[in-house]
Amino acid sequence: MMHMMRWTRPDIYNAVRDCARHMQGTTEDHYQAMLRVMDYVIATPERGLFLAPKGEWDGKNLDFEFEISGKSDSDYAKCKDSSKSITGCVTYLNGAPIMYRSSTQKTVSLLVTEAEMNAAVTLIQDMLFVYEIIKSLGLRVKLPMKAAIDNTGTVFLANGWSIGGRTRHVEVKTNFLREMKETGMFEFQWISTQDKKADVFTKNVGGPEYNRFCEKLCGSDEYYK
């Protein structure tokens with residue numbers, strides 16, 4: 001399941017990450033949860049990483065501009081044992097998901113905005129990684145790259161619109177995001193939670209919402225019809 005999660009089935013990333021946390025001291029409940037994920041994978045054989053990029057590149061036109069975008073999300077204090085939050089983000093190249101992750105944050109966040117800030121920084125680092133690869137091939141990237149965040153506080157801080165005493169402890173990450181914006185490389189946008197595909201990497205969402213988000217990442221399947 002770890003192999004499928006990383007390379008072909010982003011729709012099970014959050015579930016597998018949750019199961020992997022209980023490798024030590026597993027119980028019957030954990031075993032049943034793993035079987036439920038396996039049943040889902042077997043029942044959806046036609047689902048997989050959905051690569052349908054926008055635009056056409058003939059492989060020769062060096063003036064073609066590739067578009068990198070991304071979405072980030074966090075689930076605040078998700079871990080009951082450590083109170084650490086979960087980071088979820090997905091990076092797109094011309095509209096096709098090429099990098100995604102769901103991971104427990106390394107430190108405890110004191111505010112929801114701080115958890116979202118940590119997720120946004122992780123997303124920007126992933127997008128910069130893709131940017132450097134494309135540039136190293138002698139190809140062009142459309143700037144600014146767009147990062148979608150569903151937390152208004154994080155968007156305000158990244159755009160330099162607001163900062164207060166309760167957010168001073170995340171000032172380093174704030175300044176990093178602001179620098180990325182001021183150089184013209186990134187544009188930070190607020191996005192409604194209803195349009196946030198990164199939610200499937202951080203939390204267990206309802207069936208209709210899960211299906212709608214996963215269809216954009218993994219395509220459709222008879223299982224959902």
# chains A, B, ... in the order shown; residues from 1 in each chain; ligands from 1
call {"tool": "select_by_dssp", "arguments": {"residues": "range 1-210 of chain A", "states": "strand (DSSP E or B)", "output": "PyMOL selection string"}}
result
chain A and resi 65-66+68-75+86-93+96-104+140-141+145-149+186-190
call {"tool": "write_last_selection", "arguments": {"atoms": "C-alpha atoms", "output": "PDB file, in the first residue's frame"}}
result
ATOM      1  CA  GLU A  65       5.826  28.309 -20.686  1.00  0.00           C
ATOM      2  CA  PHE A  66       5.031  25.542 -18.218  1.00  0.00           C
ATOM      3  CA  ILE A  68       3.291  25.275 -11.890  1.00  0.00           C
ATOM      4  CA  SER A  69       0.580  25.620  -9.270  1.00  0.00           C
ATOM      5  CA  GLY A  70      -0.249  24.066  -5.936  1.00  0.00           C
ATOM      6  CA  LYS A  71      -2.691  23.730  -3.059  1.00  0.00           C
ATOM      7  CA  SER A  72      -1.962  23.227   0.623  1.00  0.00           C
ATOM      8  CA  ASP A  73      -4.019  22.368   3.689  1.00  0.00           C
ATOM      9  CA  SER A  74      -3.554  21.362   7.312  1.00  0.00           C
ATOM     10  CA  ASP A  75      -5.591  19.551   9.933  1.00  0.00           C
ATOM     11  CA  ILE A  86      -1.093  17.307   9.541  1.00  0.00           C
ATOM     12  CA  THR A  87       0.295  18.860   6.356  1.00  0.00           C
ATOM     13  CA  GLY A  88      -1.280  18.065   3.027  1.00  0.00           C
ATOM     14  CA  CYS A  89      -0.290  19.574  -0.315  1.00  0.00           C
ATOM     15  CA  VAL A  90      -0.331  18.827  -4.012  1.00  0.00           C
ATOM     16  CA  THR A  91       1.762  20.362  -6.805  1.00  0.00           C
ATOM     17  CA  TYR A  92       0.504  20.579 -10.381  1.00  0.00           C
ATOM     18  CA  LEU A  93       2.376  20.915 -13.665  1.00  0.00           C
ATOM     19  CA  ALA A  96      -1.610  17.549 -13.756  1.00  0.00           C
ATOM     20  CA  PRO A  97      -0.721  16.448 -10.185  1.00  0.00           C
ATOM     21  CA  ILE A  98       2.940  15.441 -10.089  1.00  0.00           C
ATOM     22  CA  MET A  99       3.833  15.788  -6.382  1.00  0.00           C
ATOM     23  CA  TYR A 100       1.697  15.281  -3.306  1.00  0.00           C
ATOM     24  CA  ARG A 101       2.216  14.569   0.372  1.00  0.00           C
ATOM     25  CA  SER A 102       0.456  13.956   3.659  1.00  0.00           C
ATOM     26  CA  SER A 103       2.670  14.119   6.726  1.00  0.00           C
ATOM     27  CA  THR A 104       2.680  14.962  10.414  1.00  0.00           C
ATOM     28  CA  ARG A 140      10.526  28.243 -19.255  1.00  0.00           C
ATOM     29  CA  VAL A 141       8.099  28.545 -16.345  1.00  0.00           C
ATOM     30  CA  MET A 145       3.394  30.465  -9.737  1.00  0.00           C
ATOM     31  CA  LYS A 146       0.045  30.286  -7.944  1.00  0.00           C
ATOM     32  CA  ALA A 147      -0.382  28.754  -4.488  1.00  0.00           C
ATOM     33  CA  ALA A 148      -3.936  28.260  -3.192  1.00  0.00           C
ATOM     34  CA  ILE A 149      -4.555  28.373   0.578  1.00  0.00           C
ATOM     35  CA  PHE A 186       4.657  33.277  -6.354  1.00  0.00           C
ATOM     36  CA  GLU A 187       1.112  34.535  -6.002  1.00  0.00           C
ATOM     37  CA  PHE A 188      -0.844  33.522  -2.906  1.00  0.00           C
ATOM     38  CA  GLN A 189      -4.588  33.133  -3.325  1.00  0.00           C
ATOM     39  CA  TRP A 190      -7.404  32.253  -0.965  1.00  0.00           C
TER      40      TRP A 190
END
call {"tool": "residues_around", "arguments": {"residues": "Ile124 in chain A", "least_positions_apart": "3", "cutoff": "9 Å", "atoms": "only C-alpha atoms", "output": "list of chain:residue names"}}
result
A:Gly70, A:Ala119, A:Ala120, A:Val121, A:Met127, A:Leu128, A:Phe129, A:Ala147, A:Leu177, A:Met180, A:Phe186
call {"tool": "atom_distance", "arguments": {"atom1": "CA of Val200 in chain A", "atom2": "CA of Asn175 in chain A"}}
result
28.3 Å
call {"tool": "residues_around", "arguments": {"residues": "Asp11 in chain A", "least_positions_apart": "5", "cutoff": "12 Å", "atoms": "only C-alpha atoms", "output": "VMD selection string"}}
result
chain A and resid 1 4 to 6 16 to 17 37 40 to 41 44 47 to 50 90 97 100 to 102 197 to 205 210 to 220
call {"tool": "atom_distance", "arguments": {"atom1": "CA of Ser83 in chain A", "atom2": "CA of Met38 in chain A"}}
result
28.1 Å
call {"tool": "closest_residue", "arguments": {"among": "A:Met185, A:Val172, A:Leu139, A:Leu35", "to": "Asp63 in chain A", "atoms": "only C-alpha atoms"}}
result
A:Leu139
call {"tool": "residues_around", "arguments": {"residues": "Thr174 in chain A", "least_positions_apart": "4", "cutoff": "7 Å", "atoms": "only C-alpha atoms", "output": "mmCIF file with N, CA, C and O atoms, in the first residue's frame"}}
result
data_model
loop_
_atom_site.group_PDB
_atom_site.id
_atom_site.type_symbol
_atom_site.label_atom_id
_atom_site.label_comp_id
_atom_site.auth_asym_id
_atom_site.auth_seq_id
_atom_site.Cartn_x
_atom_site.Cartn_y
_atom_site.Cartn_z
ATOM 1 N N LEU A 157 -0.893 37.116 5.830
ATOM 2 C CA LEU A 157 0.501 37.199 6.264
ATOM 3 C C LEU A 157 1.459 37.061 5.081
ATOM 4 O O LEU A 157 2.449 37.791 4.982
ATOM 5 N N ALA A 158 1.178 36.119 4.196
ATOM 6 C CA ALA A 158 2.057 35.894 3.041
ATOM 7 C C ALA A 158 2.081 37.093 2.105
ATOM 8 O O ALA A 158 3.110 37.408 1.507
ATOM 9 N N VAL A 170 5.980 33.002 14.217
ATOM 10 C CA VAL A 170 6.098 32.378 12.887
ATOM 11 C C VAL A 170 6.618 33.391 11.869
ATOM 12 O O VAL A 170 6.423 33.229 10.671
ATOM 13 N N ARG A 178 6.711 35.918 2.065
ATOM 14 C CA ARG A 178 6.663 37.279 1.528
ATOM 15 C C ARG A 178 7.781 37.508 0.514
ATOM 16 O O ARG A 178 7.584 38.153 -0.519
#
call {"tool": "select_by_dssp", "arguments": {"residues": "chain A", "states": "alpha helix (DSSP H)", "output": "MDAnalysis selection string"}}
result
chainID A and resid 2:7 13:20 28:43 112:136 152:158 171:182 207:218
